[in-house]
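Report on the structure given below.
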Amino acid sequence: MSWTSWLPLRGLSGWTAKDLNGDLAAGITLAAIAIPEQMATARLGGFQPEIGLFAFVAGSVAFALFGANRHLSVGADSTITPLFAGGLALIATSGSPHYLALAAMLALMVGLLVALSGIFRLGWIADLLSVPVTTGFLAGISVHIIVSQLPGLLGLPPESGETLRRVGEIAANLQLINPWSLVIGFGVFILVFASERISARIPAALIGMVLATLAVILFDLKNRGVEVLGALPNGLPAPGVPTVDFRDAQALVPLALLITIVVMVQTAATSRSFAPQDGEAPDINRDFAGVGAGSIVAGLFGAFAVNSSPPRTAIVAQTGGRSQLSGLIAAAIVLALGAFGGGLLANVPQAALAGVLMFVAQHILRWQVFAKVYRQAPVEFALILITMIAIVVLPIETGVAIGIGLSLLHGIWGSTRTEPIELAQVPGTSVWWPPSGSSPGERHPGVLVAAFQAPLSFVNADRFKRGLRDLIEARTEDVKLVVLEASNIVEIDYTAAQALIDTIRHCRDKGAVFAIARMESLRAQAALNRFGIVEIVGTQRIFHSVDAAVRALGPGQRQQQDDVK
């Protein structure tokens, strides 16, 4: 990719005046949806609501400058907010100046890691979490959001501590429920839930917040126990590097790494889901740089780490957004509210924001994925449950680490289960295929064609070596030619190379010629040269097709006269 692909404002490239109407409509709609969501997400993390507004502005402006996707929206996100809030609460008191400084420093660290991942093209890290583990992660986060927002929804005193203990305290205080708060919170939830079924373009959260605020004023609900935000300070935050001692910064490193992985996974998924319509492949690495820059700017202005948002990105795409100008328009509206409209938010009830977050919590629960994985892959369904339970019961960052570990172990486990399989020739063709009951295929006397359908690495090297020997021993006649069909071997590491060399020598000891066919991977070909396997096999025994190898080296052929040394 040329250096010009890294020029700023790529998300506005090709913009013309005819795109203005679409971007304007998308920007206004995005702002209407983002305002209540960003305020609620900030409260979820233990911050003042206006901090969420500034986080949205930082994320939107930075991504417009440095990102590539034309629709992607960046800001405060309910997926990562419980994650870093739980981690920070172990170090500092939620909402304290120390807590805010740590959050800003964490944003700088996450932003730097995500941006560097994009610059150095480490997009493959986004594939560390499998779909079942991601589903379990989101389910656990959903439970955290619900538990954290129940007190606000029910008008109960706020709770803190472990999730299960908070559930117990909420249950013990049910007799203290404020019916007005319950009606407001549940009403906002129902309004947003029903509106989404009609059209995602309806700014139902903003409508619900306005209606709830009017109800507080008209019915004097503050004197009936309904908690409100109170007037927010006007003005803009001053930029600066957060002051955190070295020991605290060290303690943030593991949490920053976990959040970075989650941000990369969600950004990659969102970028791929809303790829350019002109057929151009999404530039995920450039989008990492844009999202990372958003967290850096947010941290410099005293906010917290930001993330891409699939729902908000969908809104931009569905309302006619043509470029990142829609995000800049939304950022300008939100900035104006945060800087000058603090008084307008004084009577917003806490229960209304809780209702918005309750909707977000149920929205990120992937029930359809739950059901599909349960039916089609019961073992992977266990990954969903284990990850969800770990995130709910254990400290949330520990649960995420367990989920990542399970995802990696599951991938490794899949590779270790790979066995060499024997291929047979499809009658009347030059195609070699795994035999089946309906199509057993043809085997050539004295010829064994085997395939290994995975990269050769240390996790499956021994299984490869033992499996191929078993195939040779299972043949009733002496095997004179062994052909390794290598189209699926895309990589060979040192341990696997030694196993392959041992296998070649074993074939020679049995009096068989060893050949390799269809090794298409350039990395695997380089490994053959690097580990000296080409010299051992001989270039004349490496073929582009199985059929060519069998015709050239099969028993009775002229080439078979070469001595096997």
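Ligands are numbered from 1 in the order shown, residues from 1 within each chain, and chains are lettered A, B, ... in the order they appear in the structure tokens.
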For this session: Fewer than 4 positions away in the same chain doesn't count, so skip those; otherwise give me all residues within 7 Å of stretch 60-70 of chain A, counting only C-alpha atoms, as a list in words.
Result: Pro8, Leu9, Arg10, Gly11, Phe56, Val74, Gly75, Ser271, Asp283, Arg286, Asp287, Ala289, Gly290, Val291, Ala293, Gly294, Arg322, Ser323, Gln324, Gly327, Leu328 and Ala331 of chain A
Exercise. Which neighbours of A:Glu50 fall inside 8 Å, counting only C-alpha atoms, when residues of the same chain fewer than 5 positions from it are skipped, and could you give them as a list in words?
Worked result: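 My list of contacting residues is Met39, Ala42, Leu232 and Gly338 of chain A.
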If you take only C-alpha atoms and a cut-off of 10 Å, which residues of stretch 274-374 of chain A touch stretch 172-191 of chain A, and what are their nearest atom pairs and distances in Å to one decimal, in chain and number order, as a tab-separated table?
```
residue	atom	partner	partner_atom	distance
A:Pro349	CA	A:Ser181	CA	8.0
A:Gln350	CA	A:Ser181	CA	8.2
A:Ala351	CA	A:Gly185	CA	4.5
A:Ala352	CA	A:Gly185	CA	4.8
A:Leu353	CA	A:Gly185	CA	7.5
A:Ala354	CA	A:Gly185	CA	6.2
A:Gly355	CA	A:Gly185	CA	4.4
A:Val356	CA	A:Phe189	CA	6.0
A:Leu357	CA	A:Phe189	CA	8.3
A:Met358	CA	A:Phe189	CA	6.7
A:Phe359	CA	A:Phe189	CA	5.7
A:Val360	CA	A:Phe189	CA	9.3
```
Exercise. Stretch 271-511 of chain A: which residues are strand (DSSP E or B) by DSSP, as an MDAnalysis selection string?
Worked result: chainID A and resid 307:308 349 421:425 432:433 442 447:451 456 481:485 492
Selection to disk with C-alpha atoms, as a PDB file, in the first residue's frame:
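File written: again-v7.pdb
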```pdb
ATOM      1  CA  ASN A 307     -14.023   2.437  20.848  1.00  0.00           C
ATOM      2  CA  SER A 308     -15.830   1.969  17.561  1.00  0.00           C
ATOM      3  CA  PRO A 349     -33.336  11.776  35.763  1.00  0.00           C
ATOM      4  CA  ILE A 421      -5.549 -38.633   5.675  1.00  0.00           C
ATOM      5  CA  GLU A 422      -5.161 -40.893   2.660  1.00  0.00           C
ATOM      6  CA  LEU A 423      -6.423 -39.610  -0.699  1.00  0.00           C
ATOM      7  CA  ALA A 424      -7.774 -41.666  -3.607  1.00  0.00           C
ATOM      8  CA  GLN A 425      -8.021 -40.768  -7.277  1.00  0.00           C
ATOM      9  CA  TRP A 432      -7.159 -36.866  -5.720  1.00  0.00           C
ATOM     10  CA  TRP A 433      -9.814 -36.607  -3.028  1.00  0.00           C
ATOM     11  CA  GLU A 442      -9.047 -45.575  -6.905  1.00  0.00           C
ATOM     12  CA  VAL A 447       1.399 -45.662  -3.947  1.00  0.00           C
ATOM     13  CA  LEU A 448       0.248 -43.756  -0.844  1.00  0.00           C
ATOM     14  CA  VAL A 449      -1.079 -40.226  -1.322  1.00  0.00           C
ATOM     15  CA  ALA A 450      -1.571 -38.479   2.021  1.00  0.00           C
ATOM     16  CA  ALA A 451      -2.755 -34.989   2.880  1.00  0.00           C
ATOM     17  CA  LEU A 456       2.630 -27.941  10.289  1.00  0.00           C
ATOM     18  CA  LEU A 481       5.926 -44.104  -3.310  1.00  0.00           C
ATOM     19  CA  VAL A 482       4.612 -41.670  -0.662  1.00  0.00           C
ATOM     20  CA  VAL A 483       3.228 -38.375  -1.978  1.00  0.00           C
ATOM     21  CA  LEU A 484       2.461 -35.616   0.535  1.00  0.00           C
ATOM     22  CA  GLU A 485      -0.386 -33.469  -0.833  1.00  0.00           C
ATOM     23  CA  ILE A 492       6.212 -25.123   8.721  1.00  0.00           C
TER      24      ILE A 492
END
```
Problem set entry | Residue neighbourhood A:Phe381, 12 Å, only C-alpha atoms, exclusion window fewer than 3 positions, as a ChimeraX atom specification | /A:130-136,369-378,384-388,410
Exercise. Which residue gives the smallest distance to A:Pro445 among A:Pro555, A:Leu394, A:Pro237, A:Arg469, with only C-alpha atoms counted?
Worked result: A:Pro555
Exercise. In Å, with one decimal, what is the gap from atom CA of A:Ser521 to atom CA of A:Glu491?
Worked result: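 Atom-to-atom, atom CA of A:Ser521 and atom CA of A:Glu491 are spaced 7.3 Å apart.
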Problem set entry | Shell around A:Ser142 at 7 Å using only C-alpha atoms, local window under 4 positions removed, as a ChimeraX atom specification | /A:138,146,361-362,364-365
Atoms to include: C-alpha atoms. Write the selected residues as a compact mmCIF listing (two decimals), in the first residue's frame.
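As written to disk, selection.txt reads:
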```
# COMPACT_ATOMS: atom_id res chain seq x y z
CA LEU A 138 -20.50 -9.54 25.54
CA ILE A 146 -27.69 -4.57 34.06
CA ALA A 361 -27.26 -4.30 27.63
CA GLN A 362 -29.97 -6.38 25.98
CA ILE A 364 -25.34 -6.62 22.92
CA LEU A 365 -26.67 -10.02 23.99
```
For this session: Please provide the set of residues having any atom within 10 Å of A:Cys507, restricted to only C-alpha atoms, with same-chain residues fewer than 5 positions apart removed, written as an NGL selection string.
Result: :A and (468-469 or 472 or 479-482 or 501-502 or 512-514 or 564)
Written file, previous selection with C-alpha atoms, as a PDB file, in the first residue's frame:
```pdb
ATOM      1  CA  LEU A 468       1.758 -40.859   8.323  1.00  0.00           C
ATOM      2  CA  ARG A 469       3.686 -43.871   9.621  1.00  0.00           C
ATOM      3  CA  ILE A 472       2.139 -46.656   5.626  1.00  0.00           C
ATOM      4  CA  VAL A 479       4.564 -48.851  -0.326  1.00  0.00           C
ATOM      5  CA  LYS A 480       7.029 -47.732  -2.986  1.00  0.00           C
ATOM      6  CA  LEU A 481       5.926 -44.104  -3.310  1.00  0.00           C
ATOM      7  CA  VAL A 482       4.612 -41.670  -0.662  1.00  0.00           C
ATOM      8  CA  ILE A 501      12.643 -34.955   7.959  1.00  0.00           C
ATOM      9  CA  ASP A 502      12.157 -37.953  10.270  1.00  0.00           C
ATOM     10  CA  ALA A 512       9.747 -45.867  -0.513  1.00  0.00           C
ATOM     11  CA  VAL A 513      10.344 -42.694  -2.449  1.00  0.00           C
ATOM     12  CA  PHE A 514       9.007 -39.529  -0.771  1.00  0.00           C
ATOM     13  CA  VAL A 564      16.878 -43.427  -2.764  1.00  0.00           C
TER      14      VAL A 564
END
```
For this session: Tell me, as a ChimeraX atom specification, which residues lie within 12 Å of stretch 86-90 of chain A, counting only C-alpha atoms; anything in the same chain fewer than 3 positions away does not count.
Result: /A:44-46,80-83,93-96,98-107,141,144-145,148,160-163,248-249,251-256,258-259,304,391-392,394-400
Go ahead and write the selection's residues with C-alpha atoms as a tab-separated table (two decimals), in the first residue's frame.
```tsv
chain	number	residue	atom	x	y	z
A	44	LEU	CA	-21.57	3.63	33.82
A	45	GLY	CA	-17.84	4.18	34.16
A	46	GLY	CA	-18.08	6.45	37.20
A	80	ILE	CA	-15.10	-1.53	27.27
A	81	THR	CA	-16.37	0.91	29.90
A	82	PRO	CA	-17.29	-1.78	32.49
A	83	LEU	CA	-13.96	-3.43	31.75
A	93	THR	CA	-12.00	5.21	44.38
A	94	SER	CA	-14.48	5.59	41.55
A	95	GLY	CA	-14.97	9.23	40.59
A	96	SER	CA	-12.02	10.52	42.62
A	98	HIS	CA	-6.93	9.82	41.20
A	99	TYR	CA	-9.47	7.63	39.38
A	100	LEU	CA	-9.94	10.26	36.66
A	101	ALA	CA	-6.18	10.65	36.20
A	102	LEU	CA	-5.75	6.88	35.93
A	103	ALA	CA	-8.57	6.68	33.37
A	104	ALA	CA	-6.95	9.38	31.25
A	105	MET	CA	-3.55	7.67	31.45
A	106	LEU	CA	-5.17	4.35	30.53
A	107	ALA	CA	-6.76	6.05	27.52
A	141	ILE	CA	-20.53	-7.35	30.00
A	144	HIS	CA	-22.42	-6.14	34.49
A	145	ILE	CA	-24.31	-3.28	32.85
A	148	SER	CA	-24.81	-1.63	37.72
A	160	SER	CA	-20.37	-1.15	44.58
A	161	GLY	CA	-18.16	-4.19	44.86
A	162	GLU	CA	-18.39	-7.64	43.31
A	163	THR	CA	-21.28	-8.37	40.97
A	248	ASP	CA	0.25	3.14	38.98
A	249	ALA	CA	1.23	3.27	35.30
A	251	ALA	CA	-0.38	-1.51	37.23
A	252	LEU	CA	-2.36	-0.28	34.21
A	253	VAL	CA	-0.33	-2.21	31.62
A	254	PRO	CA	-2.22	-5.56	31.79
A	255	LEU	CA	-5.57	-3.74	31.71
A	256	ALA	CA	-4.42	-1.64	28.75
A	258	LEU	CA	-6.80	-6.43	27.44
A	259	ILE	CA	-8.77	-3.35	26.42
A	304	PHE	CA	-11.37	7.83	28.93
A	391	ILE	CA	-16.54	-12.25	33.58
A	392	VAL	CA	-19.54	-12.10	35.93
A	394	LEU	CA	-14.37	-12.96	38.73
A	395	PRO	CA	-12.84	-9.49	38.41
A	396	ILE	CA	-13.86	-8.42	34.94
A	397	GLU	CA	-10.33	-8.07	33.56
A	398	THR	CA	-9.53	-11.58	34.82
A	399	GLY	CA	-12.63	-12.89	33.06
A	400	VAL	CA	-11.56	-11.27	29.79
```
Exercise. At what distance in Å, to one decimal, does atom CA of A:Ala497 lie from atom CA of A:Phe531?
Worked result: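 Here the two named atoms are 6.7 Å from each other.
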For this session: Go ahead and compute the interatomic distance for atom CA of A:Val546 and atom CA of A:Ala517, in Å to one decimal.
Result: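 Pair atom CA of A:Val546 / atom CA of A:Ala517 returns 5.4 Å.
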For this session: Based on DSSP run over this structure's backbone, return all residues of stretch 204-296 of chain A in helix (DSSP H, G or I), as a PyMOL selection string.
Result: chain A and resi 204-218+221-224+246-273+284-296
For this session: Using only C-alpha atoms, find the one residue out of A:Thr503, A:Gln48, A:Gln266, A:Asn347 that sits nearest to A:Ala215.
Result: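 For A:Ala215, the nearest of the given residues is A:Asn347.
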Problem set entry | Residues near A:Gln453, cut-off 7 Å, only C-alpha atoms, skip fewer than 6 positions along chain, as a PyMOL selection string | chain A and resi 418+488-489
